[in-house]
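Engineer: Quick one: the structure is below, and I'll ask about it shortly.
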Amino acid sequence: TTGEVDDDTISIVEEYRIDGDKIVPNGGTPIPALHQKAWDRYASLFPAASRPEIDLFVGIDSEKSGGTDGALQESALNPDKRYLALDVTGAIEFKELTRTMIHETAHLLQFRPSALTPGTKGKFCDVYDGGEACPKAGSYLRLWGKAFYPGVTDGDDYDESEAAKAARYSPDKYVTDNYSAKNPAEDFAETFAEWVLLDAPTGPSFVNVDPHFPFPVTGNKVVD
(Lines give C-alpha, C1' and ligand atoms only; values in the text may rest on other atoms or scores of the structure.)
Protein backbone atom coordinates (compact mmCIF):
# COMPACT_ATOMS: atom_id res chain seq x y z
CA THR A 1 0.00 0.00 0.00
CA THR A 2 1.00 3.61 -0.46
CA GLY A 3 0.66 4.64 3.18
CA GLU A 4 -1.56 7.58 2.21
CA VAL A 5 -4.71 6.11 3.77
CA ASP A 6 -4.96 6.52 7.54
CA ASP A 7 -8.50 5.33 8.11
CA ASP A 8 -9.25 1.95 9.63
CA THR A 9 -13.00 2.29 9.03
CA ILE A 10 -12.72 1.56 5.31
CA SER A 11 -11.86 -1.83 3.84
CA ILE A 12 -9.37 -1.37 1.00
CA VAL A 13 -9.54 -3.63 -2.04
CA GLU A 14 -6.82 -1.92 -4.10
CA GLU A 15 -5.02 1.41 -4.49
CA TYR A 16 -4.13 3.05 -7.80
CA ARG A 17 -1.89 5.97 -8.57
CA ILE A 18 -3.66 8.58 -10.72
CA ASP A 19 -2.13 9.88 -13.93
CA GLY A 20 -4.35 12.62 -15.33
CA ASP A 21 -7.62 10.98 -16.33
CA LYS A 22 -6.24 7.46 -15.99
CA ILE A 23 -5.38 5.12 -13.16
CA VAL A 24 -2.12 3.19 -13.35
CA PRO A 25 -2.13 -0.62 -13.07
CA ASN A 26 -0.11 -2.08 -10.22
CA GLY A 27 2.74 -4.01 -11.76
CA GLY A 28 1.48 -6.39 -14.42
CA THR A 29 -1.89 -6.94 -12.79
CA PRO A 30 -4.80 -5.86 -15.02
CA ILE A 31 -7.28 -3.42 -13.50
CA PRO A 32 -10.57 -5.25 -12.77
CA ALA A 33 -13.54 -4.09 -14.84
CA LEU A 34 -15.56 -2.75 -11.88
CA HIS A 35 -12.57 -0.75 -10.63
CA GLN A 36 -12.06 0.76 -14.08
CA LYS A 37 -15.77 1.49 -14.49
CA ALA A 38 -15.94 3.44 -11.24
CA TRP A 39 -12.82 5.44 -12.04
CA ASP A 40 -13.86 6.19 -15.64
CA ARG A 41 -17.17 7.55 -14.41
CA TYR A 42 -15.45 9.84 -11.94
CA ALA A 43 -12.91 11.05 -14.49
CA SER A 44 -15.71 11.81 -16.96
CA LEU A 45 -17.49 13.94 -14.37
CA PHE A 46 -14.39 15.66 -12.98
CA PRO A 47 -11.46 15.87 -15.44
CA ALA A 48 -7.90 16.08 -14.16
CA ALA A 49 -7.67 19.88 -14.28
CA SER A 50 -10.50 20.16 -11.73
CA ARG A 51 -8.88 17.87 -9.12
CA PRO A 52 -5.08 18.36 -9.10
CA GLU A 53 -4.94 17.54 -5.38
CA ILE A 54 -6.25 13.98 -5.83
CA ASP A 55 -3.33 11.65 -6.50
CA LEU A 56 -4.68 8.27 -5.36
CA PHE A 57 -7.79 6.23 -6.19
CA VAL A 58 -8.71 3.76 -3.46
CA GLY A 59 -11.10 0.93 -4.28
CA ILE A 60 -13.06 -0.11 -1.19
CA ASP A 61 -15.60 -2.73 -0.18
CA SER A 62 -18.67 -0.82 1.06
CA GLU A 63 -20.17 -3.75 2.96
CA LYS A 64 -16.94 -4.31 4.90
CA SER A 65 -16.65 -0.54 5.43
CA GLY A 66 -19.82 -0.24 7.48
CA GLY A 67 -21.85 0.97 4.50
CA THR A 68 -19.44 3.69 3.43
CA ASP A 69 -19.37 3.79 -0.35
CA GLY A 70 -17.09 6.80 -0.80
CA ALA A 71 -14.68 9.16 0.94
CA LEU A 72 -12.33 11.98 0.07
CA GLN A 73 -9.64 12.56 2.64
CA GLU A 74 -6.24 14.12 3.21
CA SER A 75 -3.20 12.01 2.39
CA ALA A 76 -1.42 10.79 5.50
CA LEU A 77 1.88 11.51 3.75
CA ASN A 78 1.25 14.92 2.18
CA PRO A 79 -1.23 17.49 3.55
CA ASP A 80 -1.52 19.08 0.10
CA LYS A 81 -2.78 15.84 -1.49
CA ARG A 82 -6.08 13.96 -1.24
CA TYR A 83 -7.26 10.45 -2.02
CA LEU A 84 -10.64 9.40 -3.41
CA ALA A 85 -12.16 6.17 -2.15
CA LEU A 86 -15.10 4.51 -3.91
CA ASP A 87 -16.82 1.14 -3.71
CA VAL A 88 -15.54 -1.20 -6.44
CA THR A 89 -17.46 -4.35 -5.54
CA GLY A 90 -20.59 -3.56 -7.53
CA ALA A 91 -22.72 -3.70 -4.38
CA ILE A 92 -23.80 -0.06 -4.80
CA GLU A 93 -26.21 0.87 -7.58
CA PHE A 94 -24.12 2.77 -10.13
CA LYS A 95 -26.51 5.72 -10.14
CA GLU A 96 -26.06 6.06 -6.37
CA LEU A 97 -22.29 5.68 -6.66
CA THR A 98 -22.29 8.52 -9.19
CA ARG A 99 -24.09 10.72 -6.67
CA THR A 100 -21.49 9.78 -4.07
CA MET A 101 -18.75 10.93 -6.46
CA ILE A 102 -20.40 14.34 -6.69
CA HIS A 103 -20.88 14.53 -2.92
CA GLU A 104 -17.23 13.70 -2.25
CA THR A 105 -16.01 16.26 -4.76
CA ALA A 106 -17.99 18.89 -2.85
CA HIS A 107 -15.70 18.12 0.07
CA LEU A 108 -12.72 18.85 -2.18
CA LEU A 109 -14.24 22.24 -2.99
CA GLN A 110 -14.58 22.93 0.72
CA PHE A 111 -11.27 21.62 2.01
CA ARG A 112 -8.78 21.88 -0.84
CA PRO A 113 -5.54 23.49 0.41
CA SER A 114 -6.03 26.65 -1.64
CA ALA A 115 -9.33 27.31 0.17
CA LEU A 116 -7.80 27.08 3.66
CA THR A 117 -5.67 29.50 5.67
CA PRO A 118 -2.21 27.99 6.31
CA GLY A 119 -1.17 27.56 9.92
CA THR A 120 -4.67 27.72 11.39
CA LYS A 121 -5.45 24.02 11.85
CA GLY A 122 -6.32 23.33 15.46
CA LYS A 123 -6.78 27.01 16.20
CA PHE A 124 -10.02 28.87 16.77
CA CYS A 125 -11.99 29.64 13.63
CA ASP A 126 -14.96 31.99 13.52
CA VAL A 127 -16.85 29.69 11.13
CA TYR A 128 -17.24 25.91 10.95
CA ASP A 129 -13.96 24.38 9.76
CA GLY A 130 -14.58 20.63 9.96
CA GLY A 131 -11.39 20.15 11.97
CA GLU A 132 -9.33 21.45 9.06
CA ALA A 133 -7.65 24.84 8.76
CA CYS A 134 -9.88 27.92 8.82
CA PRO A 135 -11.59 28.61 5.46
CA LYS A 136 -10.28 31.66 3.62
CA ALA A 137 -12.36 34.73 2.87
CA GLY A 138 -14.51 34.07 -0.19
CA SER A 139 -14.16 30.28 0.08
CA TYR A 140 -17.20 28.06 -0.39
CA LEU A 141 -17.29 26.78 3.17
CA ARG A 142 -16.89 30.25 4.72
CA LEU A 143 -19.67 31.69 2.55
CA TRP A 144 -21.87 28.69 3.33
CA GLY A 145 -21.26 29.01 7.05
CA LYS A 146 -21.95 32.73 7.13
CA ALA A 147 -25.16 32.33 5.12
CA PHE A 148 -26.70 29.27 6.78
CA TYR A 149 -24.83 28.68 10.05
CA PRO A 150 -24.33 32.09 11.64
CA GLY A 151 -22.79 31.79 15.07
CA VAL A 152 -21.40 28.30 14.49
CA THR A 153 -17.63 28.26 14.88
CA ASP A 154 -15.14 25.40 14.54
CA GLY A 155 -16.07 21.71 14.53
CA ASP A 156 -15.49 21.21 18.25
CA ASP A 157 -18.59 23.33 18.91
CA TYR A 158 -20.87 21.24 16.66
CA ASP A 159 -22.63 18.22 18.14
CA GLU A 160 -22.70 15.37 15.57
CA SER A 161 -24.42 12.75 17.71
CA GLU A 162 -27.43 10.89 16.32
CA ALA A 163 -29.68 12.58 18.87
CA ALA A 164 -28.40 16.03 17.87
CA LYS A 165 -28.90 15.28 14.17
CA ALA A 166 -32.46 14.13 14.80
CA ALA A 167 -33.21 17.24 16.85
CA ARG A 168 -31.81 19.59 14.19
CA TYR A 169 -33.37 17.95 11.18
CA SER A 170 -36.46 19.29 9.45
CA PRO A 171 -37.39 18.86 5.78
CA ASP A 172 -37.71 22.60 5.20
CA LYS A 173 -34.12 23.22 6.35
CA TYR A 174 -32.28 20.30 4.71
CA VAL A 175 -32.50 18.96 1.18
CA THR A 176 -31.93 15.30 2.10
CA ASP A 177 -32.43 13.09 5.16
CA ASN A 178 -30.83 13.80 8.50
CA TYR A 179 -27.32 12.94 7.30
CA SER A 180 -27.26 16.46 5.91
CA ALA A 181 -27.92 17.66 9.47
CA LYS A 182 -24.69 16.04 10.68
CA ASN A 183 -22.65 19.21 10.20
CA PRO A 184 -22.41 22.22 7.84
CA ALA A 185 -19.86 20.49 5.58
CA GLU A 186 -22.11 17.48 5.00
CA ASP A 187 -25.09 19.76 4.44
CA PHE A 188 -23.06 21.59 1.78
CA ALA A 189 -22.01 18.32 0.11
CA GLU A 190 -25.55 16.96 0.07
CA THR A 191 -26.93 20.23 -1.30
CA PHE A 192 -24.22 20.37 -3.97
CA ALA A 193 -25.00 16.82 -5.10
CA GLU A 194 -28.72 17.54 -5.31
CA TRP A 195 -28.06 20.76 -7.26
CA VAL A 196 -25.80 19.03 -9.79
CA LEU A 197 -28.52 16.45 -10.44
CA LEU A 198 -31.29 19.01 -10.91
CA ASP A 199 -32.67 20.10 -14.25
CA ALA A 200 -30.49 22.78 -15.80
CA PRO A 201 -31.85 26.34 -15.56
CA THR A 202 -32.47 26.63 -19.31
CA GLY A 203 -31.70 23.15 -20.56
CA PRO A 204 -28.43 22.10 -22.21
CA SER A 205 -27.99 25.37 -24.08
CA PHE A 206 -26.66 27.09 -20.97
CA VAL A 207 -23.57 24.87 -21.15
CA ASN A 208 -23.20 24.78 -24.93
CA VAL A 209 -22.61 28.53 -25.11
CA ASP A 210 -19.67 28.26 -22.70
CA PRO A 211 -16.40 28.46 -24.71
CA HIS A 212 -14.64 26.54 -21.92
CA PHE A 213 -16.91 23.53 -22.38
CA PRO A 214 -16.22 22.12 -25.87
CA PHE A 215 -18.11 18.85 -25.54
CA PRO A 216 -21.66 18.28 -26.83
CA VAL A 217 -24.40 18.07 -24.21
CA THR A 218 -27.11 15.47 -24.64
CA GLY A 219 -29.02 15.80 -21.38
CA ASN A 220 -30.87 18.60 -19.66
CA LYS A 221 -29.44 18.42 -16.15
CA VAL A 222 -26.70 20.48 -14.53
CA VAL A 223 -24.40 17.45 -14.51
CA ASP A 224 -24.74 17.17 -18.29
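Within each chain, counting starts at residue 1; across the C-alpha coordinates, chains are named A, B, ... in the order shown, with ligands numbered 1 upward in that order.
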DSSP on the backbone: which residues in segment 44-207 of chain A end up as alpha helix (DSSP H)? Give the answer as a ChimeraX atom specification.
Structural biologist: /A:44-45,94-111,140-148,162-168,184-196,205-207
Engineer: Give me the residues near Asp55 of chain A as a list of chain:residue names, where near means some atom within 12 Å (using only C-alpha atoms) and where sequence neighbours in that chain fewer than 6 positions away do not count.
Structural biologist: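 So, after excluding close chain neighbours, the residues are A:Thr2, A:Glu4, A:Val5, A:Glu15, A:Tyr16, A:Arg17, A:Ile18, A:Asp19, A:Gly20, A:Asp21, A:Lys22, A:Ile23, A:Val24, A:Ala48, A:Leu72, A:Gln73, A:Glu74, A:Ser75, A:Leu77, A:Asn78, A:Pro79, A:Asp80, A:Lys81, A:Arg82, A:Tyr83, A:Leu84, A:Ala85.
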Engineer: Give me a file of those residues, with N, CA, C and O atoms, as a short mmCIF file (atom, residue, chain, number, x, y, z; two decimals), in the first residue's frame.
Structural biologist:
```
data_model
loop_
_atom_site.label_atom_id
_atom_site.label_comp_id
_atom_site.auth_asym_id
_atom_site.auth_seq_id
_atom_site.Cartn_x
_atom_site.Cartn_y
_atom_site.Cartn_z
N THR A 2 0.25 2.37 -0.33
CA THR A 2 1.00 3.61 -0.46
C THR A 2 1.30 4.27 0.89
O THR A 2 2.22 5.06 0.99
N GLU A 4 -0.82 6.32 2.20
CA GLU A 4 -1.56 7.58 2.21
C GLU A 4 -2.88 7.49 2.98
O GLU A 4 -3.41 8.50 3.42
N VAL A 5 -3.40 6.28 3.13
CA VAL A 5 -4.71 6.11 3.77
C VAL A 5 -4.52 5.81 5.26
O VAL A 5 -3.93 4.80 5.63
N GLU A 15 -5.37 0.00 -4.33
CA GLU A 15 -5.02 1.41 -4.49
C GLU A 15 -4.36 1.61 -5.85
O GLU A 15 -3.59 0.76 -6.30
N TYR A 16 -4.69 2.75 -6.48
CA TYR A 16 -4.13 3.05 -7.80
C TYR A 16 -3.60 4.47 -7.83
O TYR A 16 -4.28 5.41 -7.41
N ARG A 17 -2.41 4.63 -8.33
CA ARG A 17 -1.89 5.97 -8.57
C ARG A 17 -2.65 6.58 -9.75
O ARG A 17 -3.00 5.89 -10.71
N ILE A 18 -2.92 7.88 -9.68
CA ILE A 18 -3.66 8.58 -10.72
C ILE A 18 -2.69 9.31 -11.64
O ILE A 18 -1.78 9.99 -11.18
N ASP A 19 -2.92 9.17 -12.92
CA ASP A 19 -2.13 9.88 -13.93
C ASP A 19 -3.10 10.60 -14.85
O ASP A 19 -3.60 10.03 -15.82
N GLY A 20 -3.39 11.86 -14.52
CA GLY A 20 -4.35 12.62 -15.33
C GLY A 20 -5.74 12.04 -15.21
O GLY A 20 -6.31 11.96 -14.12
N ASP A 21 -6.29 11.58 -16.33
CA ASP A 21 -7.62 10.98 -16.33
C ASP A 21 -7.57 9.46 -16.31
O ASP A 21 -8.59 8.80 -16.54
N LYS A 22 -6.40 8.91 -16.01
CA LYS A 22 -6.24 7.46 -15.99
C LYS A 22 -5.74 7.00 -14.63
O LYS A 22 -5.15 7.77 -13.88
N ILE A 23 -6.00 5.75 -14.31
CA ILE A 23 -5.38 5.12 -13.16
C ILE A 23 -4.34 4.13 -13.66
O ILE A 23 -4.50 3.52 -14.72
N VAL A 24 -3.27 3.98 -12.91
CA VAL A 24 -2.12 3.19 -13.35
C VAL A 24 -2.21 1.79 -12.76
O VAL A 24 -2.36 1.63 -11.54
N ALA A 48 -9.10 15.91 -14.97
CA ALA A 48 -7.90 16.08 -14.16
C ALA A 48 -7.68 17.52 -13.72
O ALA A 48 -7.26 17.78 -12.59
N LEU A 72 -13.41 11.17 0.61
CA LEU A 72 -12.33 11.98 0.07
C LEU A 72 -11.60 12.60 1.25
O LEU A 72 -12.18 13.38 1.99
N GLN A 73 -10.34 12.19 1.43
CA GLN A 73 -9.64 12.56 2.64
C GLN A 73 -8.21 13.00 2.34
O GLN A 73 -7.65 12.73 1.27
N GLU A 74 -7.62 13.65 3.33
CA GLU A 74 -6.24 14.12 3.21
C GLU A 74 -5.27 12.95 3.23
O GLU A 74 -5.42 12.00 3.99
N SER A 75 -4.25 13.02 2.38
CA SER A 75 -3.20 12.01 2.39
C SER A 75 -2.46 12.04 3.71
O SER A 75 -2.15 13.11 4.24
N LEU A 77 0.48 11.23 4.05
CA LEU A 77 1.88 11.51 3.75
C LEU A 77 2.12 12.94 3.28
O LEU A 77 3.24 13.45 3.39
N ASN A 78 1.08 13.58 2.74
CA ASN A 78 1.25 14.92 2.18
C ASN A 78 -0.04 15.72 2.40
O ASN A 78 -1.06 15.41 1.80
N PRO A 79 0.00 16.74 3.24
CA PRO A 79 -1.23 17.49 3.55
C PRO A 79 -1.79 18.27 2.36
O PRO A 79 -2.93 18.74 2.42
N ASP A 80 -1.04 18.39 1.29
CA ASP A 80 -1.52 19.08 0.10
C ASP A 80 -2.20 18.13 -0.89
O ASP A 80 -2.67 18.57 -1.94
N LYS A 81 -2.20 16.83 -0.59
CA LYS A 81 -2.78 15.84 -1.49
C LYS A 81 -4.01 15.18 -0.84
O LYS A 81 -4.16 15.17 0.38
N ARG A 82 -4.87 14.64 -1.69
CA ARG A 82 -6.08 13.96 -1.24
C ARG A 82 -6.20 12.61 -1.94
O ARG A 82 -5.64 12.41 -3.02
N TYR A 83 -6.94 11.69 -1.33
CA TYR A 83 -7.26 10.45 -2.02
C TYR A 83 -8.77 10.30 -2.10
O TYR A 83 -9.51 10.76 -1.24
N LEU A 84 -9.21 9.67 -3.20
CA LEU A 84 -10.64 9.40 -3.41
C LEU A 84 -10.86 7.92 -3.23
O LEU A 84 -10.19 7.10 -3.87
N ALA A 85 -11.79 7.57 -2.36
CA ALA A 85 -12.16 6.17 -2.15
C ALA A 85 -13.58 5.95 -2.65
O ALA A 85 -14.48 6.75 -2.36
#
```
Engineer: Show which residues sit within 7 Å of Thr153 of chain A, as a PyMOL selection string. Count only C-alpha atoms, and ignore same-chain residues fewer than 2 positions away.
Structural biologist: chain A and resi 125-128+151+155+157
Engineer: Which one is closest to Asp224 of chain A: A:Ser44, A:Lys182, A:Ile92, A:Ser11? Count only C-alpha atoms.
Structural biologist: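 So, comparing all the options, the nearest one is A:Ser44.
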Engineer: With distances taken over only C-alpha atoms, which residue among A:Asp69, A:Glu53, A:Gly90, A:Ala181 lies nearest Pro32 of chain A?
Structural biologist: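 Closest residue, counting only C-alpha atoms: A:Gly90.
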